[in-house]
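File shown here: target30.cif, holding mmCIF, C-alpha atoms.
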data_protein
loop_
_atom_site.label_atom_id
_atom_site.label_comp_id
_atom_site.auth_asym_id
_atom_site.auth_seq_id
_atom_site.Cartn_x
_atom_site.Cartn_y
_atom_site.Cartn_z
CA MET U 792 7.03 25.49 6.87
CA ARG U 793 10.13 24.72 8.95
CA CYS U 794 13.41 24.08 7.13
CA PRO U 795 14.50 20.44 7.56
CA LYS U 796 18.17 21.53 7.66
CA CYS U 797 18.31 24.54 10.01
CA GLY U 798 14.81 24.60 11.50
CA GLY U 799 14.15 28.12 10.24
CA SER U 800 10.48 29.06 10.17
CA LYS U 801 10.48 31.12 6.98
CA SER U 802 10.71 29.72 3.47
CA SER U 803 9.77 30.88 0.00
CA VAL U 804 7.97 28.85 -2.64
CA ILE U 805 10.17 28.67 -5.75
CA ASP U 806 8.00 26.39 -7.88
CA SER U 807 4.55 24.78 -7.60
CA ARG U 808 3.08 22.14 -9.83
CA GLN U 809 0.44 19.47 -9.76
CA ALA U 810 1.76 16.02 -8.91
CA GLU U 811 1.03 13.09 -11.22
CA ASP U 812 -1.93 11.80 -9.22
CA GLY U 813 -3.78 15.09 -9.78
CA ASN U 814 -4.73 15.38 -6.10
CA THR U 815 -1.45 16.74 -4.78
CA ILE U 816 0.50 19.96 -5.22
CA ARG U 817 4.29 19.63 -5.23
CA ARG U 818 6.13 22.71 -3.99
CA ARG U 819 9.86 23.48 -4.16
CA ARG U 820 10.83 25.75 -1.30
CA GLU U 821 13.94 27.63 -0.25
CA CYS U 822 14.75 28.46 3.34
CA ASP U 823 15.06 32.23 3.79
CA GLU U 824 17.77 31.73 6.44
CA CYS U 825 20.16 29.05 5.03
CA GLN U 826 18.99 28.89 1.36
CA TYR U 827 18.51 25.09 1.59
CA ARG U 828 16.01 23.83 -0.99
CA PHE U 829 13.45 21.16 -0.16
CA THR U 830 10.19 19.74 -1.49
CA THR U 831 6.81 19.67 0.22
CA TYR U 832 3.52 18.12 -0.87
CA GLU U 833 0.10 19.61 -0.24
CA ARG U 834 -2.99 17.42 -0.33
CA VAL U 835 -6.62 17.95 0.65
CA GLU U 836 -7.39 16.74 4.14
CA GLU U 837 -9.84 13.94 3.59
CA ARG U 838 -12.45 12.55 5.95
CA THR U 839 -11.27 9.73 8.18
CA LEU U 840 -11.81 6.30 6.68
CA VAL U 841 -12.01 3.20 8.83
CA VAL U 842 -11.01 -0.21 7.51
CA VAL U 843 -13.00 -3.15 8.88
CA LYS U 844 -10.71 -6.17 8.98
CA LYS U 845 -11.72 -9.82 8.54
CA ASP U 846 -11.77 -10.40 12.31
CA GLY U 847 -14.07 -7.40 12.86
CA THR U 848 -11.43 -5.04 14.24
CA ARG U 849 -11.25 -1.53 12.88
CA GLU U 850 -8.29 0.68 12.06
CA GLN U 851 -7.70 3.94 10.25
CA PHE U 852 -7.12 3.71 6.47
CA SER U 853 -3.43 4.01 5.60
CA ARG U 854 -1.94 4.62 2.15
CA ASP U 855 1.43 3.62 3.58
CA LYS U 856 0.17 0.19 4.60
CA ILE U 857 -0.98 -0.54 1.04
CA PHE U 858 2.25 0.88 -0.42
CA ASN U 859 4.42 -1.21 1.92
CA GLY U 860 2.45 -4.38 1.17
CA ILE U 861 2.94 -3.90 -2.55
CA ILE U 862 6.64 -3.04 -2.12
CA ARG U 863 7.19 -6.31 -0.25
CA SER U 864 5.42 -8.26 -3.00
CA ALA U 865 7.38 -6.50 -5.73
CA GLN U 866 10.87 -7.08 -4.31
CA LYS U 867 13.38 -7.92 -7.04
CA ARG U 868 10.71 -7.37 -9.71
CA PRO U 869 10.78 -4.78 -12.53
CA VAL U 870 8.19 -2.59 -10.78
CA SER U 871 9.07 1.04 -10.04
CA SER U 872 8.04 2.95 -6.95
CA ASP U 873 6.28 5.43 -9.26
CA GLU U 874 4.09 2.61 -10.59
CA ILE U 875 3.32 1.51 -7.05
CA GLU U 876 2.53 5.08 -6.00
CA ALA U 877 0.15 5.40 -8.97
CA ILE U 878 -1.60 2.15 -7.96
CA VAL U 879 -1.97 3.32 -4.36
CA SER U 880 -3.37 6.67 -5.53
CA ARG U 881 -5.95 4.95 -7.76
CA ILE U 882 -6.97 2.63 -4.93
CA GLU U 883 -7.30 5.50 -2.47
CA GLN U 884 -9.37 7.46 -4.98
CA LYS U 885 -11.74 4.49 -5.49
CA VAL U 886 -12.07 3.92 -1.75
CA ARG U 887 -12.75 7.60 -1.02
CA SER U 888 -15.21 7.94 -3.90
CA SER U 889 -17.37 5.18 -2.39
CA ASN U 890 -18.71 7.76 0.12
CA GLU U 891 -18.58 5.15 2.88
CA ASN U 892 -16.88 5.87 6.19
CA GLU U 893 -16.13 2.19 6.79
CA ILE U 894 -14.54 0.02 4.11
CA ALA U 895 -14.04 -3.76 4.28
CA SER U 896 -10.41 -4.85 4.06
CA GLU U 897 -11.51 -7.48 1.53
CA TYR U 898 -12.65 -4.69 -0.83
CA ILE U 899 -9.28 -2.94 -0.58
CA GLY U 900 -7.40 -6.22 -1.02
CA GLY U 901 -9.49 -6.95 -4.11
CA LEU U 902 -8.60 -3.56 -5.60
CA VAL U 903 -4.91 -4.20 -4.96
CA MET U 904 -5.15 -7.63 -6.57
CA GLU U 905 -6.88 -6.20 -9.68
CA GLU U 906 -4.14 -3.60 -10.08
CA LEU U 907 -1.30 -6.07 -9.53
CA ALA U 908 -2.79 -8.58 -11.97
CA GLU U 909 -2.42 -5.92 -14.68
CA LEU U 910 1.03 -4.78 -13.55
CA ASP U 911 3.10 -7.91 -12.86
CA GLU U 912 1.98 -11.52 -12.49
CA ILE U 913 4.70 -12.54 -10.01
CA THR U 914 3.98 -9.55 -7.77
CA TYR U 915 0.30 -10.47 -7.98
CA VAL U 916 0.96 -14.08 -6.90
CA ARG U 917 3.18 -12.97 -4.02
CA PHE U 918 0.57 -10.52 -2.76
CA ALA U 919 -2.24 -13.05 -3.21
CA SER U 920 -0.38 -15.75 -1.30
CA VAL U 921 -0.21 -13.50 1.77
CA TYR U 922 -3.59 -11.78 1.32
CA ARG U 923 -5.59 -14.96 0.73
CA SER U 924 -3.47 -17.00 3.19
CA PHE U 925 -3.67 -20.21 1.19
CA LYS U 926 -4.30 -23.31 3.25
CA ASP U 927 -2.66 -25.72 0.82
CA VAL U 928 -0.85 -25.95 -2.49
CA SER U 929 -4.02 -26.74 -4.46
CA GLU U 930 -5.40 -23.25 -3.78
CA LEU U 931 -2.19 -21.69 -5.08
CA GLU U 932 -2.26 -24.01 -8.08
CA SER U 933 -5.81 -22.87 -8.87
CA LEU U 934 -4.70 -19.22 -8.79
CA LEU U 935 -1.77 -19.97 -11.09
CA LYS U 936 -4.11 -21.66 -13.59
CA GLN U 937 -6.30 -18.53 -13.61
CA ILE U 938 -3.28 -16.33 -14.26
CA THR U 939 -2.05 -18.60 -17.04
CA LYS U 940 -5.46 -18.46 -18.76
CA SER U 941 -5.62 -14.66 -18.55
CA ALA U 942 -2.03 -14.33 -19.81
CA LYS U 943 -2.85 -16.49 -22.83
CA LYS U 944 -5.92 -14.35 -23.59
CA LYS U 945 -3.82 -11.17 -23.43
CA LYS U 946 -1.23 -12.61 -25.84
CA GLU U 947 -3.95 -13.66 -28.29
CA GLN U 948 -5.38 -10.13 -28.40
#
Encoded form (structure tokens):
Amino acid sequence: MRCPKCGGSKSSVIDSRQAEDGNTIRRRRECDECQYRFTTYERVEERTLVVVKKDGTREQFSRDKIFNGIIRSAQKRPVSSDEIEAIVSRIEQKVRSSNENEIASEYIGGLVMEELAELDEITYVRFASVYRSFKDVSELESLLKQITKSAKKKKEQ
């Protein structure tokens, strides 16, 4: 592992532990040349997943694309990056456990929407407005009514 500070090719592992998602090992390293400490993450190399988009095009599955979409929806909301990372990890785990090599983008979008509905209603609405590309205000109004009903049920329980 090359040192990000000096470029040295030798480093020692100081500490290793399992990351929160359970699928990643977090390692603290120290460069043997300049003693700079840095963190690396080790994860199993998974099979390549292809996402089939609505228009029929295909692209490689990307955790970062899901993460960035949620980040944009959660701007100025009380949602931490750790919560978003946990959501992305759960979604990736569900997608990979399906044992399919090609996954419909609608399936992934649905998983994101389920997670966001539980996390933060405003983030959910923001994501849904882009994901579902509403054609008029009545579609958005319908979604808001659904959210209001589910929020009332949660408060009653």
Practice item. Using only C-alpha atoms, pick whichever of U:Tyr915, U:Phe858, U:Tyr827, U:Phe852 has the shortest atom-to-atom distance to Val886 (chain U). Key: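 Looking only at the distances to Val886 (chain U), the closest residue turns out to be U:Phe852.
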Practice item. Have a look at U:Ala810, U:Cys825, U:Met792, U:Val842 and name the one nearest to Ile894 (chain U); count all atoms listed in the file. Key: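 For Ile894 (chain U), the nearest of the candidates is U:Val842.
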Under the PyMOL selection byres ((chain U and resi 870-879) around 9), which residues of this model are included? Write them out as a PDB file with C-alpha atoms, in the frame of the given file.
ATOM      1  CA  GLU U 811       1.030  13.090 -11.220  1.00  0.00           C
ATOM      2  CA  ASP U 812      -1.930  11.800  -9.220  1.00  0.00           C
ATOM      3  CA  ARG U 854      -1.940   4.620   2.150  1.00  0.00           C
ATOM      4  CA  ASP U 855       1.430   3.620   3.580  1.00  0.00           C
ATOM      5  CA  ILE U 857      -0.980  -0.540   1.040  1.00  0.00           C
ATOM      6  CA  PHE U 858       2.250   0.880  -0.420  1.00  0.00           C
ATOM      7  CA  ILE U 861       2.940  -3.900  -2.550  1.00  0.00           C
ATOM      8  CA  ILE U 862       6.640  -3.040  -2.120  1.00  0.00           C
ATOM      9  CA  ALA U 865       7.380  -6.500  -5.730  1.00  0.00           C
ATOM     10  CA  GLN U 866      10.870  -7.080  -4.310  1.00  0.00           C
ATOM     11  CA  LYS U 867      13.380  -7.920  -7.040  1.00  0.00           C
ATOM     12  CA  ARG U 868      10.710  -7.370  -9.710  1.00  0.00           C
ATOM     13  CA  PRO U 869      10.780  -4.780 -12.530  1.00  0.00           C
ATOM     14  CA  SER U 880      -3.370   6.670  -5.530  1.00  0.00           C
ATOM     15  CA  ARG U 881      -5.950   4.950  -7.760  1.00  0.00           C
ATOM     16  CA  ILE U 882      -6.970   2.630  -4.930  1.00  0.00           C
ATOM     17  CA  GLU U 883      -7.300   5.500  -2.470  1.00  0.00           C
ATOM     18  CA  GLN U 884      -9.370   7.460  -4.980  1.00  0.00           C
ATOM     19  CA  VAL U 903      -4.910  -4.200  -4.960  1.00  0.00           C
ATOM     20  CA  GLU U 906      -4.140  -3.600 -10.080  1.00  0.00           C
ATOM     21  CA  LEU U 907      -1.300  -6.070  -9.530  1.00  0.00           C
ATOM     22  CA  LEU U 910       1.030  -4.780 -13.550  1.00  0.00           C
ATOM     23  CA  ASP U 911       3.100  -7.910 -12.860  1.00  0.00           C
ATOM     24  CA  THR U 914       3.980  -9.550  -7.770  1.00  0.00           C
TER      25      THR U 914
END
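Shell of Asn892 (chain U) at 9 Å, with all atoms listed in the file counted and residues fewer than 2 places along the chain excluded, is Arg838, Thr839, Leu840, Val841, Val842, Arg887, Ser889, Asn890 and Ile894 of chain U.
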**Study point:** For Gln937 (chain U), the nearest of the candidates U:Arg808, U:Gly799, U:Glu912, U:Thr848, counting all atoms listed in the file
**Key:**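 Counting all atoms listed in the file, the residue closest to Gln937 (chain U) is U:Glu912.
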Check your understanding: Neighbours of region 918-927 of chain U within 8 Å (all atoms listed in the file; same-chain residues fewer than 5 positions away dropped), as number ranges by chain?
Key -> U: 860-861, 864, 900, 904
